[in-house]
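Here's the structure we're looking at; comments come further down.
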Amino acid sequence: MNKQDKDELLNQGLTQKQIEDLTQKGFSKEEIIQSHQYDNEIKKGSTFIAWIVDLITWFLP
């Protein structure tokens with residue numbers, strides 16, 4: 001992976017350590033981007049579920 005690829009991954013929001021760890025495990029740039037996007041979607045879903053639970057518990061006595 002060249003410097004331009006690493007810069008692109010940093011701009012995607014990954015840390016240098018994450019990039020190095022995933023690169024050492026044999027992940028390509030595209031795989032790293034896909035996994036980062038997947039993680040972000042999981043976080044959004046978890047936040048949404050937590051919001052619904054908070055809303056339900058607020059309405060219950």
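Lettering and numbering for the structure tokens are positional, with chains as A, B, ... in the shown order, residues counted from 1 in each chain, and ligands counted from 1 in the shown order.
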
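Near A:Leu9, within 9 Å and counting only C-alpha atoms, sit Gln4, Leu14, Thr15, Gln16, Ile19, Lys29, Ile32 and Ile33 of chain A, not including residues fewer than 5 positions from it in the same chain.
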
Those residues with all heavy atoms, as a compact mmCIF listing (two decimals), in the first residue's frame please?
# COMPACT_ATOMS: atom_id res chain seq x y z
N GLN A 4 -0.30 7.37 -0.91
CA GLN A 4 -1.58 7.94 -1.36
C GLN A 4 -2.74 7.10 -0.82
O GLN A 4 -3.76 7.65 -0.37
CB GLN A 4 -1.62 8.01 -2.88
CG GLN A 4 -2.89 8.63 -3.42
CD GLN A 4 -2.91 8.67 -4.94
OE1 GLN A 4 -2.00 8.17 -5.59
NE2 GLN A 4 -3.93 9.26 -5.50
N LEU A 14 -9.98 6.51 9.45
CA LEU A 14 -9.25 5.47 10.15
C LEU A 14 -8.00 6.05 10.79
O LEU A 14 -7.48 7.08 10.33
CB LEU A 14 -8.83 4.36 9.17
CG LEU A 14 -9.93 3.39 8.80
CD1 LEU A 14 -10.57 3.81 7.50
CD2 LEU A 14 -9.41 1.99 8.72
N THR A 15 -7.52 5.40 11.83
CA THR A 15 -6.28 5.84 12.46
C THR A 15 -5.11 5.13 11.81
O THR A 15 -5.27 4.11 11.14
CB THR A 15 -6.29 5.53 13.97
OG1 THR A 15 -6.32 4.10 14.14
CG2 THR A 15 -7.48 6.16 14.67
N GLN A 16 -3.92 5.68 12.03
CA GLN A 16 -2.71 5.06 11.47
C GLN A 16 -2.55 3.64 12.01
O GLN A 16 -2.18 2.73 11.26
CB GLN A 16 -1.49 5.92 11.84
CG GLN A 16 -0.20 5.47 11.22
CD GLN A 16 -0.17 5.67 9.71
OE1 GLN A 16 -0.74 6.62 9.20
NE2 GLN A 16 0.48 4.78 9.00
N ILE A 19 -4.91 1.22 10.24
CA ILE A 19 -4.42 0.95 8.90
C ILE A 19 -3.27 -0.04 8.94
O ILE A 19 -3.24 -1.02 8.18
CB ILE A 19 -3.99 2.25 8.20
CG1 ILE A 19 -5.21 3.16 7.99
CG2 ILE A 19 -3.31 1.97 6.86
CD1 ILE A 19 -4.87 4.58 7.58
N LYS A 29 -6.77 -2.12 0.42
CA LYS A 29 -7.35 -0.80 0.69
C LYS A 29 -8.88 -0.86 0.57
O LYS A 29 -9.59 -0.33 1.42
CB LYS A 29 -6.79 0.23 -0.28
CG LYS A 29 -7.35 1.63 -0.07
CD LYS A 29 -6.83 2.60 -1.10
CE LYS A 29 -7.74 2.58 -2.29
NZ LYS A 29 -7.52 3.61 -3.27
N ILE A 32 -10.43 -2.60 3.54
CA ILE A 32 -10.37 -1.76 4.74
C ILE A 32 -11.47 -0.70 4.69
O ILE A 32 -12.16 -0.47 5.68
CB ILE A 32 -8.98 -1.10 4.89
CG1 ILE A 32 -7.92 -2.18 5.15
CG2 ILE A 32 -8.97 -0.07 6.00
CD1 ILE A 32 -6.49 -1.69 5.11
N ILE A 33 -11.67 -0.09 3.53
CA ILE A 33 -12.73 0.93 3.38
C ILE A 33 -14.09 0.29 3.61
O ILE A 33 -14.94 0.84 4.32
CB ILE A 33 -12.64 1.60 1.99
CG1 ILE A 33 -11.41 2.49 1.90
CG2 ILE A 33 -13.90 2.41 1.70
CD1 ILE A 33 -11.13 3.04 0.52

- request: Name the residues of chain A that come out as alpha helix (DSSP H) in a backbone DSSP run; write them as a VMD selection string.
  value: chain A and resid 3 to 11 16 to 24 29 to 59

task: Choose the residue, out of A:Thr57, A:Trp51, A:Lys6, A:Lys44, that has the smallest atom-to-atom separation from A:Thr23; count only C-alpha atoms.
output: A:Lys6

message: Using only C-alpha atoms, can you tell me which of A:Ile49, A:Met1, A:Ser35, A:Glu8 comes closest to A:Glu20?
response: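 With only C-alpha atoms as the atom set, the closest residue is A:Met1.
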